[in-house]
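Here's target34.tsv, which has TSV, C-alpha atoms:
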```tsv
chain	number	residue	atom	x	y	z
Z	1	MET	CA	100.07	198.63	212.87
Z	2	LEU	CA	97.25	198.49	215.44
Z	3	LYS	CA	96.11	202.00	216.37
Z	4	LEU	CA	95.21	202.19	220.06
Z	5	ARG	CA	92.17	204.09	221.28
Z	6	LEU	CA	92.67	204.13	225.03
Z	7	LYS	CA	89.62	203.09	227.00
Z	8	THR	CA	88.40	202.32	230.46
Z	9	ILE	CA	87.96	198.57	230.79
Z	10	LEU	CA	86.28	196.54	233.54
Z	11	ILE	CA	87.61	193.01	233.99
Z	12	THR	CA	85.68	190.44	235.98
Z	13	GLY	CA	87.87	187.68	237.36
Z	14	GLY	CA	90.84	190.02	237.18
Z	15	SER	CA	92.57	188.22	240.04
Z	16	GLY	CA	92.44	184.89	238.20
Z	17	PHE	CA	94.97	183.36	235.82
Z	18	LEU	CA	93.76	184.85	232.54
Z	19	GLY	CA	92.31	187.95	234.16
Z	20	SER	CA	95.54	188.98	235.89
Z	21	TYR	CA	97.49	188.70	232.63
Z	22	LEU	CA	94.88	190.88	230.93
Z	23	VAL	CA	95.04	193.46	233.72
Z	24	LYS	CA	98.81	193.78	233.31
Z	25	LYS	CA	98.59	194.01	229.52
Z	26	PHE	CA	96.02	196.81	229.49
Z	27	LEU	CA	97.75	198.74	232.27
Z	28	ASP	CA	101.04	198.53	230.38
Z	29	TYR	CA	99.34	200.19	227.41
Z	30	GLY	CA	97.79	203.04	229.36
Z	31	PHE	CA	94.23	201.84	229.86
Z	32	VAL	CA	92.26	202.56	233.02
Z	33	VAL	CA	91.49	199.11	234.43
Z	34	VAL	CA	88.79	198.25	236.93
Z	35	VAL	CA	88.84	194.79	238.54
Z	36	ILE	CA	85.60	193.62	240.08
Z	37	THR	CA	85.82	191.02	242.81
Z	38	ARG	CA	83.74	189.54	245.59
Z	39	GLN	CA	86.76	188.14	247.40
Z	40	LYS	CA	89.34	190.89	247.92
Z	41	LEU	CA	91.57	188.51	249.85
Z	42	LYS	CA	92.15	186.53	246.66
Z	43	THR	CA	93.90	189.26	244.68
Z	44	LYS	CA	97.51	188.20	245.27
Z	45	ARG	CA	98.18	188.02	241.51
Z	46	LEU	CA	97.56	191.79	241.41
Z	47	ASN	CA	99.77	192.70	244.36
Z	48	ASP	CA	102.71	193.74	242.18
Z	49	MET	CA	100.60	195.92	239.88
Z	50	LYS	CA	100.46	199.09	241.96
Z	51	ASN	CA	99.14	201.68	239.52
Z	52	SER	CA	96.95	204.76	239.80
Z	53	ARG	CA	94.95	203.49	236.81
Z	54	LEU	CA	94.05	200.20	238.53
Z	55	HIS	CA	90.92	200.11	240.67
Z	56	ILE	CA	89.89	196.99	242.63
Z	57	ILE	CA	86.27	197.19	243.74
Z	58	ASP	CA	83.65	195.03	245.37
Z	59	PHE	CA	80.62	194.02	243.31
Z	60	ASP	CA	78.32	196.00	245.61
Z	61	SER	CA	80.16	199.18	244.56
Z	62	LEU	CA	79.56	198.55	240.86
Z	63	LYS	CA	76.76	201.07	240.34
Z	64	ASN	CA	78.66	203.75	242.23
Z	65	LEU	CA	81.70	203.06	240.07
Z	66	PHE	CA	79.75	203.55	236.85
Z	67	GLN	CA	78.26	206.74	238.25
Z	68	ASP	CA	81.67	208.11	239.26
Z	69	ILE	CA	83.61	207.17	236.12
Z	70	LYS	CA	80.64	208.06	233.87
Z	71	ILE	CA	81.57	205.58	231.14
Z	72	ILE	CA	83.24	202.22	231.05
Z	73	ASP	CA	83.92	201.39	227.42
Z	74	VAL	CA	84.41	197.64	227.67
Z	75	VAL	CA	83.46	194.90	230.10
Z	76	LEU	CA	85.73	191.88	229.72
Z	77	HIS	CA	84.16	188.94	231.53
Z	78	THR	CA	86.62	186.20	232.56
Z	79	ALA	CA	85.27	185.23	236.00
Z	80	THR	CA	84.02	181.66	236.19
Z	81	ASN	CA	83.19	178.75	238.45
Z	82	TYR	CA	84.21	175.42	236.92
Z	83	GLY	CA	82.41	173.36	239.53
Z	84	SER	CA	85.55	171.28	239.99
Z	85	GLN	CA	85.54	171.53	243.79
Z	86	ASN	CA	82.09	170.01	244.30
Z	87	GLU	CA	80.42	173.41	244.44
Z	88	LYS	CA	76.65	173.59	244.75
Z	89	THR	CA	74.71	173.97	241.52
Z	90	SER	CA	73.33	177.28	242.80
Z	91	ASP	CA	76.88	178.61	243.27
Z	92	ILE	CA	77.83	177.65	239.72
Z	93	VAL	CA	74.69	179.31	238.33
Z	94	GLU	CA	75.32	182.43	240.44
Z	95	ALA	CA	78.91	182.80	239.19
Z	96	ASN	CA	78.40	181.90	235.53
Z	97	LEU	CA	74.89	183.18	234.82
Z	98	THR	CA	73.38	185.49	237.44
Z	99	PHE	CA	76.52	187.52	238.19
Z	100	PRO	CA	77.51	188.35	234.59
Z	101	LEU	CA	73.86	189.16	233.75
Z	102	LYS	CA	73.81	191.70	236.58
Z	103	VAL	CA	77.08	193.23	235.38
Z	104	MET	CA	75.81	193.37	231.80
Z	105	GLU	CA	72.55	195.04	232.87
Z	106	VAL	CA	74.40	197.75	234.80
Z	107	ALA	CA	76.81	198.24	231.90
Z	108	ILE	CA	73.94	198.68	229.45
Z	109	ASN	CA	72.20	201.18	231.74
Z	110	TYR	CA	75.36	203.32	231.82
Z	111	GLY	CA	76.09	203.21	228.10
Z	112	THR	CA	78.94	200.69	227.92
Z	113	GLU	CA	79.76	199.98	224.29
Z	114	THR	CA	81.01	196.38	224.48
Z	115	PHE	CA	80.62	193.26	226.61
Z	116	ILE	CA	83.19	190.53	225.87
Z	117	ASN	CA	82.31	187.11	227.25
Z	118	THR	CA	84.87	184.34	227.72
Z	119	ASP	CA	83.13	181.11	226.72
Z	120	THR	CA	83.91	177.42	226.71
Z	121	ILE	CA	84.44	174.85	223.95
Z	122	LEU	CA	82.41	172.28	225.90
Z	123	SER	CA	78.89	171.20	224.99
Z	124	PRO	CA	76.19	172.35	227.45
Z	125	LYS	CA	75.39	168.67	227.93
Z	126	PHE	CA	78.87	167.94	229.34
Z	127	ASN	CA	78.49	169.32	232.86
Z	128	ARG	CA	76.91	172.04	235.01
Z	129	TYR	CA	79.68	174.51	234.25
Z	130	ALA	CA	79.24	174.18	230.48
Z	131	LEU	CA	75.46	174.40	230.78
Z	132	SER	CA	75.64	177.61	232.82
Z	133	LYS	CA	78.04	179.20	230.31
Z	134	TYR	CA	75.70	178.29	227.46
Z	135	GLN	CA	72.72	179.75	229.29
Z	136	PHE	CA	74.51	183.04	229.88
Z	137	LYS	CA	75.27	183.33	226.18
Z	138	GLN	CA	71.58	182.82	225.38
Z	139	TRP	CA	70.44	185.41	227.93
Z	140	GLY	CA	73.17	187.81	226.81
Z	141	LYS	CA	71.78	187.62	223.29
Z	142	GLU	CA	68.35	188.51	224.63
Z	143	LEU	CA	69.77	191.59	226.36
Z	144	TYR	CA	71.61	192.93	223.30
Z	145	LYS	CA	68.51	192.57	221.10
Z	146	ASP	CA	66.80	195.40	222.95
Z	147	ASN	CA	69.87	197.51	223.68
Z	148	LYS	CA	72.68	199.14	221.75
Z	149	ILE	CA	75.67	197.07	222.82
Z	150	LYS	CA	78.26	194.83	221.19
Z	151	PHE	CA	78.09	191.35	222.69
Z	152	ILE	CA	81.25	189.44	221.78
Z	153	LYS	CA	81.80	185.76	222.51
Z	154	CYS	CA	85.41	184.57	222.80
Z	155	LYS	CA	85.45	180.78	222.62
Z	156	LEU	CA	88.67	179.91	224.39
Z	157	GLN	CA	90.54	176.70	223.69
Z	158	ASN	CA	92.94	174.99	226.13
Z	159	ILE	CA	94.97	177.79	227.64
Z	160	TYR	CA	98.24	177.06	229.46
Z	161	GLY	CA	101.15	178.97	230.94
Z	162	GLU	CA	103.00	179.85	234.11
Z	163	GLY	CA	100.89	180.84	237.08
Z	164	ASN	CA	97.84	178.75	236.23
Z	165	ASN	CA	96.01	176.92	239.00
Z	166	ILE	CA	97.66	173.64	239.95
Z	167	THR	CA	94.33	171.86	239.46
Z	168	ASN	CA	94.41	172.75	235.77
Z	169	PHE	CA	95.40	169.74	233.65
Z	170	THR	CA	98.36	171.42	231.92
Z	171	SER	CA	99.75	172.81	235.19
Z	172	TYR	CA	99.28	169.44	236.84
Z	173	ILE	CA	101.35	167.75	234.12
Z	174	VAL	CA	104.10	170.39	234.25
Z	175	ASN	CA	104.26	170.22	238.06
Z	176	TYR	CA	104.46	166.42	238.15
Z	177	CYS	CA	107.19	166.35	235.51
Z	178	ILE	CA	109.29	169.11	237.08
Z	179	HIS	CA	109.19	167.42	240.47
Z	180	ASN	CA	109.79	163.93	239.07
Z	181	LYS	CA	106.74	162.38	240.65
Z	182	PRO	CA	106.69	158.57	240.39
Z	183	GLU	CA	103.87	158.37	237.87
Z	184	ILE	CA	101.01	160.12	236.14
Z	185	ARG	CA	97.85	158.11	235.54
Z	186	LEU	CA	96.18	159.14	232.27
Z	187	THR	CA	93.62	158.06	229.71
Z	188	LYS	CA	94.98	156.70	226.44
Z	189	GLY	CA	95.49	160.35	225.46
Z	190	ASP	CA	93.80	160.07	222.06
Z	191	GLN	CA	91.73	163.19	222.63
Z	192	LYS	CA	92.83	166.08	220.44
Z	193	ARG	CA	92.99	169.54	221.93
Z	194	ASP	CA	94.00	172.97	220.74
Z	195	PHE	CA	96.56	174.19	223.30
Z	196	ILE	CA	97.38	177.91	223.28
Z	197	TYR	CA	99.93	179.78	225.36
Z	198	ILE	CA	98.70	182.53	227.71
Z	199	ASP	CA	100.57	185.40	226.00
Z	200	ASP	CA	98.92	184.56	222.66
Z	201	VAL	CA	95.50	184.52	224.33
Z	202	VAL	CA	96.07	187.92	225.93
Z	203	ASP	CA	97.20	189.34	222.59
Z	204	ALA	CA	94.00	188.07	220.99
Z	205	TYR	CA	91.83	189.88	223.54
Z	206	PHE	CA	93.97	192.99	223.14
Z	207	VAL	CA	93.45	192.97	219.37
Z	208	ILE	CA	89.69	192.60	219.81
Z	209	VAL	CA	89.43	195.47	222.28
Z	210	ASN	CA	91.43	197.74	220.00
Z	211	SER	CA	89.31	196.76	217.00
Z	212	ILE	CA	85.98	197.59	218.66
Z	213	ASP	CA	85.31	200.47	216.27
Z	214	SER	CA	85.23	198.07	213.32
Z	215	ILE	CA	82.94	195.53	215.01
Z	216	ASN	CA	79.21	195.89	214.51
Z	217	TYR	CA	76.64	196.20	217.28
Z	218	GLY	CA	74.95	192.92	218.17
Z	219	PHE	CA	76.55	189.51	218.44
Z	220	SER	CA	80.05	188.58	217.25
Z	221	GLU	CA	82.13	185.49	217.87
Z	222	PHE	CA	85.85	184.73	217.90
Z	223	ASP	CA	87.64	181.41	218.28
Z	224	ILE	CA	90.83	181.85	220.30
Z	225	GLY	CA	93.32	179.02	219.88
Z	226	SER	CA	96.32	177.97	217.86
Z	227	GLY	CA	94.21	176.47	215.10
Z	228	CYS	CA	96.14	173.21	215.37
Z	229	ALA	CA	94.91	170.35	217.56
Z	230	VAL	CA	97.34	167.77	218.99
Z	231	THR	CA	96.67	164.71	221.09
Z	232	ILE	CA	96.83	164.95	224.85
Z	233	ARG	CA	99.45	162.23	224.65
Z	234	GLU	CA	101.66	164.47	222.48
Z	235	PHE	CA	101.27	167.39	224.88
Z	236	VAL	CA	102.19	165.28	227.92
Z	237	GLU	CA	105.15	163.61	226.20
Z	238	THR	CA	106.45	167.00	225.05
Z	239	VAL	CA	106.34	168.32	228.63
Z	240	LYS	CA	108.18	165.22	229.86
Z	241	GLU	CA	110.86	165.61	227.19
Z	242	ILE	CA	111.42	169.31	227.85
Z	243	THR	CA	111.61	168.85	231.62
Z	244	LYS	CA	113.85	165.78	231.24
Z	245	SER	CA	111.59	164.11	233.77
Z	246	ASN	CA	111.76	160.49	234.93
Z	247	VAL	CA	108.05	160.35	235.69
Z	248	LYS	CA	106.28	157.26	234.37
Z	249	LEU	CA	103.39	158.07	232.05
Z	250	LYS	CA	100.69	155.46	232.53
Z	251	PHE	CA	98.52	155.98	229.46
Z	252	GLY	CA	95.31	153.99	229.59
Z	253	ALA	CA	95.23	153.79	233.38
Z	254	LEU	CA	92.14	156.00	233.51
Z	255	PRO	CA	88.84	155.74	231.62
Z	256	LEU	CA	87.47	158.59	229.53
Z	257	ARG	CA	85.05	160.90	231.29
Z	258	ARG	CA	81.42	160.55	230.36
Z	259	GLY	CA	80.74	162.67	227.28
Z	260	GLU	CA	84.46	163.34	226.74
Z	261	LEU	CA	85.22	165.80	223.97
Z	262	MET	CA	87.47	163.94	221.53
Z	263	PHE	CA	88.38	166.79	219.17
Z	264	SER	CA	88.53	170.55	219.47
Z	265	GLU	CA	90.34	173.01	217.22
Z	266	ALA	CA	89.88	176.74	216.79
Z	267	ASN	CA	88.99	178.33	213.48
Z	268	THR	CA	91.26	181.36	213.72
Z	269	ASP	CA	90.29	183.00	210.43
Z	270	HIS	CA	88.15	185.67	212.11
Z	271	ILE	CA	90.67	186.76	214.75
Z	272	LYS	CA	93.48	186.71	212.18
Z	273	SER	CA	91.47	189.04	209.94
Z	274	PHE	CA	91.85	191.68	212.68
Z	275	GLY	CA	95.63	191.35	212.70
Z	276	TRP	CA	96.25	188.73	215.38
Z	277	SER	CA	98.81	185.98	214.86
Z	278	GLN	CA	100.18	183.24	217.10
Z	279	CYS	CA	103.67	183.96	218.43
Z	280	TYR	CA	104.43	180.79	220.38
Z	281	SER	CA	104.38	177.25	219.07
Z	282	LEU	CA	103.36	174.49	221.46
Z	283	ARG	CA	106.99	173.65	222.15
Z	284	ASP	CA	107.98	177.29	222.68
Z	285	GLY	CA	105.05	177.85	225.03
Z	286	ILE	CA	105.88	174.79	227.11
Z	287	ILE	CA	109.54	175.82	227.35
Z	288	ARG	CA	108.49	179.24	228.67
Z	289	THR	CA	106.00	177.67	231.08
Z	290	VAL	CA	108.58	175.23	232.44
Z	291	GLY	CA	111.25	177.91	232.71
Z	292	ARG	CA	109.03	180.22	234.75
Z	293	SER	CA	107.29	177.61	236.92
```
Structure encoded using structure tokens:
Amino acid sequence: MLKLRLKTILITGGSGFLGSYLVKKFLDYGFVVVVITRQKLKTKRLNDMKNSRLHIIDFDSLKNLFQDIKIIDVVLHTATNYGSQNEKTSDIVEANLTFPLKVMEVAINYGTETFINTDTILSPKFNRYALSKYQFKQWGKELYKDNKIKFIKCKLQNIYGEGNNITNFTSYIVNYCIHNKPEIRLTKGDQKRDFIYIDDVVDAYFVIVNSIDSINYGFSEFDIGSGCAVTIREFVETVKEITKSNVKLKFGALPLRRGELMFSEANTDHIKSFGWSQCYSLRDGIIRTVGRS
């Protein structure tokens, strides 16, 4: 049985898909949760979480927050800019490198014990987003070398679930199938991905946070996924079957992206050694996603 040591946790990107699920989870278990945002208008996912232990602050108030609360035990960094909307390179670098470095520096100055970074499975050569995430990891390592802090990398596989952005591939497929769109143009679908349902991802982060006392200072890494890769074709066909959709799947209509990742699968041995286990199979997760979409 996991023994909880209640903490104060700061979540960047707390109004996003993953972040909002994490906010709810930690509030439900009695944590004080601080959400840092630069766009307060985009916090609709948090509107139903009225709670005296939830604080939504602007980035410019960060230092004052640390001074007032005295100690924030954990920073959980989920905020990101994927660069999928033709954002400027400088905006991607600001969101994925400069911003988290500033948060980490303030956290270190005020004695925060742990910084958990949500990282990507993509090679830094793939695109600007992946490169900026890789660069933050490298700079984060430089910071922890000279300071007493636990810097934890969570390499997240393909997360899916209800409430994800419609531009996300899995949400796009579910939406098109539910609404019986005429067709979906796809690659051949031979790429293998490790799909993991949102509730299992949140549980993994929760286990890590509540195992902080047994994690050494310095750098640690966790793979978060199901540990079982399936083809994109299998994922799409499973969604179509579950939704009983008439949509036509046009596999092979699109070319592979340049530098396409053809295989990715989590090694879950480390996270399982802390007591985490997957609760939802791919089919179960899709059924829940479809039923709540």
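Take the candidates Z:Ile36, Z:Ile173, Z:Ile9, Z:Ile287 and check each one against Val209 in chain Z using all atoms listed in the file; the shortest distance goes to Z:Ile9.
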Shell around range 187-194 of chain Z at 12 Å using all atoms listed in the file, local window under 5 positions removed, as a VMD selection string: chain Z and resid 121 to 122 155 to 160 169 to 170 223 to 237 249 to 257 259 to 268 281 to 282
Option closest in space to Lys7 in chain Z, from Z:Val174, Z:Val74, Z:Ile69, Z:Ile152 [counting only C-alpha atoms]: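 The closest residue to Lys7 in chain Z is Z:Val74.
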Atom-to-atom span, CA of Asp146 in chain Z and CA of Pro100 in chain Z, Å: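 Value for the CA of Asp146 in chain Z-CA of Pro100 in chain Z distance: 17.3 Å.
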Polymer residues at most 10 Å from Ser277 in chain Z, only C-alpha atoms, same-chain spacing of 6 or more positions, as a list in words: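 Those residues are Asp200, Asp203, Ala204, Val207, Ser226, Thr268 and Ile271 of chain Z.
Minimum atom-to-atom distances from Z:Leu97, Z:Ile149, Z:Val247, Z:Leu131 to Ser220 in chain Z were compared using only C-alpha atoms, and the lowest value belongs to Z:Ile149.
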Need the shell around Thr8 in chain Z: protein/DNA/RNA residues with any atom at most 7 Å away, counting only C-alpha atoms. Skip same-chain ones fewer than 5 positions apart. Format as a PDB file with C-alpha atoms, in the frame of the given file?
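And here's result05.pdb as it stands now:
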```pdb
ATOM      1  CA  PHE Z  31      94.230 201.840 229.860  1.00  0.00           C
ATOM      2  CA  VAL Z  32      92.260 202.560 233.020  1.00  0.00           C
ATOM      3  CA  VAL Z  33      91.490 199.110 234.430  1.00  0.00           C
ATOM      4  CA  ILE Z  72      83.240 202.220 231.050  1.00  0.00           C
ATOM      5  CA  ASP Z  73      83.920 201.390 227.420  1.00  0.00           C
ATOM      6  CA  VAL Z  74      84.410 197.640 227.670  1.00  0.00           C
TER       7      VAL Z  74
END
```
Contacts of Val23 in chain Z within 8 Å, all atoms listed in the file, excl. fewer than 3 positions in-chain, as a PyMOL selection string: chain Z and resi 11+14+19-20+26-27+33+35
Pairwise distance for CA of Thr289 in chain Z and CA of Ile166 in chain Z, rounded to one decimal in Å: 12.8 Å
